[in-house]
Amino acid sequence: MNEIVMNNEVIVYLLSETLLYILLFIASIVTVGVLKKWNFNHFTTEQFTLENRSYLVMTIILFAIVLKIILLPYFVYTINALSDLVPGAMCGAGVIKANAYGNPLLLIKIVILFLSGLWLSINHLDLKAKCYPYMKMKSWFFLFIFLLMSAEFLLDILYFTHIETTKPVSCCSVIFGQTAGVNSLPFGLDIPKLLTLFYLLFGLIVLTILSDMAWLSMVASLLFGVVAYYAVVYFFGTYIYALPTHKCPFCMLQDHYWYVGYAVWGLLLLGIFFTLDNALISSLFHRKTERVKKISLLLLGLFVLLCSSYVVVYYLKNGVLL
Amino acid sequence: MVILENISKIYHEGTPQAFEALRAVSMKVNPGECVVLSGVSGSGKSTLLALIAALDKPSRGKIVVNGELISKLPDLHASAYRAKTIGVIFQHFNLLESLSVEENVIVPLIHSGLHLSTIDSMAKKSMELAAISHKASQEVKALSGGEKQRCAIARALVHEPELILCDEPTANLDRENSLKFIEILHALQDLGKTIIVATHDPLFEGLPFVNRVLHMEDGQLECGKNE
Amino acid sequence: MKNSAFLHFLTLLLFKQRSKHSGAILISVIIIFLLSAVLFLSSSLQYTLLSTLQRQGDFTVTRVEAGKAANTPTAWVDDILEMNGVSHVAPRVYGRYFFTPRGKSFLVVGIDFFDEQNTQALEALVKNIDLKNFLSRESMIVGEGVKHFLEAHYFKEDFTFKTPKGTFKKVHIFQTLPPEANLLANDMIVMPIDLAREIFGLHENEVTDITFNVPNDAEWDTIITKLHLKFYDVRVVDKREVKKAYKNLYNYKGGVFLILYLVSIVTFILILYQRYAMVYSTERKEIGILRAVGWSIKDILKLKFYENLIIVLVSFTVGVILAYLYVFVWSAPMLSAIFLGSSNLENHVSFVPVVTFGTLGSIFLFYAVPFLAAVLIPAWKISVTPPKEAML
């Protein structure tokens, strides 16, 4: 445990998370104060102070989300670097599985980023209006996100302090590969069906975004996220590694693959986020979201293009598919 | 253009030190008018001006400027209102001493979304109007009182506001500069601006271009000379 | 572009107020410099050590006696060769020779010059070695530290070793290892294996240890078990362990430094917070003026944030560049002594420049996050200055 915690990257990571958590804790206390006493129609100095304090919360959350966006790839980089210290791990996949906290931690990080992004959208709308119509709603929303952030912080500490450097872990070939079982794809899909679903869902998202069908685009994008994960790990990834048995979501984040993993997962996550954002804002708040639509289409389009290009390039270079 | 309805401002409300700076003030200023608020210091004229400029919020009542209710605006909107509609000239000039005249003048336009070249030309125009172009690159701290005031005027005009508010503008000027200032005000009124001046300077008495003089005492408005 | 007016104003303001920020920038540069120097040094050392390790054999086998390393029988070489999956078995002779008058030591390494792997490794160190000439008489190749030391003790062409048998052995100094090798080979002497045997008094059928390769990773654990079954008094060290040990060493050393930094960063945060929270009335007035002419709280926060970001970026760049020069151009005087230990021979090492995105990212995060976190609340506090109050 000590060797892990003494690792330079882990120290930097935990320090950043701790400082962030302290600031967010302050923000949560201020938010509780705002919730208790907020009344836009009062003209007291107290009310004006509350408005000023809400700016503090906004600033802290904005700082936190920017930092968490940077810390997520840094977290991945850190666990990749730890793979040398954990026996059996060749990349981050093994390190994540070193204890039970790894996967939930990763998942909760992504969820928090999504929710924080949505909070910022709502905040933007709230500021544009002339009477802070969403102040109470966004305050409760932030408190909920803060609960998740507290869980994340706890998981961070538990995860890093429970990585054994003496117990071997499975490598990604065991977790994801042939040895993991006959078919690790959900719902009994096989590769051709998975790919059909992949491209179909992408088409559906494009259609639903362009025709303003908010709820449908939301459902489609969430489904697409799950399908895309499997598609990348079990199909597109093999073309990135040029090895039909190498199935791993983490190895593509390493330098010998030109860090393309960051682009792949980044585009996917951002694309889904903006689709959800667009859906929520246009349906719940009835606002026009032309720019957000364009961004989400662009990001998801680039993602699909990037993944497909690896297959196409491989075929052109070698004349066969894997 | 400017309508005040039953405006009250109470400092430290609810405490023993509560102080009523304005009591149920109602007034109306029409577009293109030049109105002088006269009264001794402490009568509440500066407070009133601050409320019209949305620099502060009233405890009670309504303020409507150009059809927009500005007494209850959140900060983002209040500052947008200030940046678009109002130009304020202060008694103590309130310039950024370490910057030059031109740099001070462009401050209101920095977040306007305009291109730097547009901002520069607007600043030039404004400085010419205020007769301070010859000192454009000079640091403010090296200017005389009258020059500083003209720099403040240029800044107040650069974004072409409709409403100009002056709070004791001649209090720190000598007679010659005060007269120059009044000349500029006249020119501004000719351009169609609405002007409200809060002052107890006797030079403002009997000016031909002033439409009304409203007298304030103890936080209340008294009827005064009408046009 | 919309932002150019803002940027223009920002740089103007920063420039005019540079003395206000100079204290923060100075401390920042010092902290970044120290941190970067330590990290650059340790990653450079790690890189060199690990790349040297790459060229070594996968396994090293020694005989132990009472828990201590003892001379290993040459007969083991044949036994190991018999094992499946083993390739390239090479016995080695080496040890520390003490120059008793001064208490200094040399690392004497005996190499079989007809072995390909060994010669390749040596050739990596010494280009164009004239092997024929070298082997024609009893010669050795020495590291720079050894050369200087011997010269200072009037051993210019040869050196006479004292063997455990009580005899003297005069060996010719053939060549010096290049300065690039100083990190590992400063106090090293390379000589033919039989000569080394003589100097350390080893029998013909004894060596210090045996190295060999096992090309198939999956078989490593099996080989280890087999070795233990074959010889009861064997100690086996495989490359993975050595790699891990090196990494841990540098992490530990780096970690100790990092703990020190944590302490200094916490102090830094407190100082920063104090400094920026002490809002001077002139700054309050300036913010009040900006608010009065139409800047919103958001605009002021934007200004403050970019102000601080520029300070962070400038300090970071300056600190990192200084550290780079210090470590890779001036060879880190003083700091290198801490990392390498200077108790043996004097060592003039130069370090291989190894700077990765990851290292830079870590340094940046380690500095920027505490800095920005510390100034966030003071920046907010001053941004919400009520314009009226500030102007009075």
# chains A, B, ... in the order shown; residues from 1 in each chain; ligands from 1

call {"tool": "interface_residues", "arguments": {"of": "chain B", "to": "chain C", "cutoff": "7 Å", "atoms": "only C-alpha atoms", "output": "MDAnalysis selection string"}}
result
chainID B and resid 55 75:76 79:80 82:83 94 96 98 108 110:111 113:116

call {"tool": "interface_residues", "arguments": {"of": "chain A", "to": "chain B", "cutoff": "9 Å", "atoms": "only C-alpha atoms", "output": "list in words"}}
result
Phe40, Asn41, His42, Phe43, Thr44, Thr45, Phe48, Glu51, Asn52, Leu127, Lys128, Ala129, Lys130, Cys131 and Tyr132 of chain A

call {"tool": "residues_around", "arguments": {"residues": "Leu267 (chain A)", "least_positions_apart": "3", "cutoff": "6 Å", "atoms": "only C-alpha atoms", "output": "PyMOL selection string"}}
result
chain A and resi 263-264+270-271+299+303

call {"tool": "interface_residues", "arguments": {"of": "chain C", "to": "chain A", "cutoff": "10 Å", "atoms": "only C-alpha atoms", "output": "number ranges by chain"}}
result
C: 39, 240-241, 243-245, 247-259, 262, 297-298, 301-302, 305, 358-359, 361-370, 372-374, 376-377, 379-381, 383-386

call {"tool": "atom_distance", "arguments": {"atom1": "CA of Cys91 (chain A)", "atom2": "CA of Ser42 (chain C)"}}
result
22.4 Å

call {"tool": "residues_around", "arguments": {"residues": "Ile27 (chain C)", "least_positions_apart": "3", "cutoff": "12 Å", "atoms": "only C-alpha atoms", "output": "list in words"}}
result
His21, Ser22, Gly23, Ala24, Ile30, Ile31, Ile32, Phe33, Leu34, Ser264, Ile265, Thr267, Phe268, Ile269, Ile271, Leu272, Ile311, Val312, Ser315, Phe316, Val318, Gly319, Tyr367 and Phe371 of chain C

call {"tool": "closest_residue", "arguments": {"among": "C:Ala37, C:Leu14, C:Leu50, C:Val207", "to": "Ala69 (chain C)", "atoms": "only C-alpha atoms"}}
result
C:Val207

call {"tool": "closest_residue", "arguments": {"among": "B:Leu191, B:Ile164, B:Ala171, B:Val2", "to": "Ile86 (chain B)", "atoms": "only C-alpha atoms"}}
result
B:Ile164
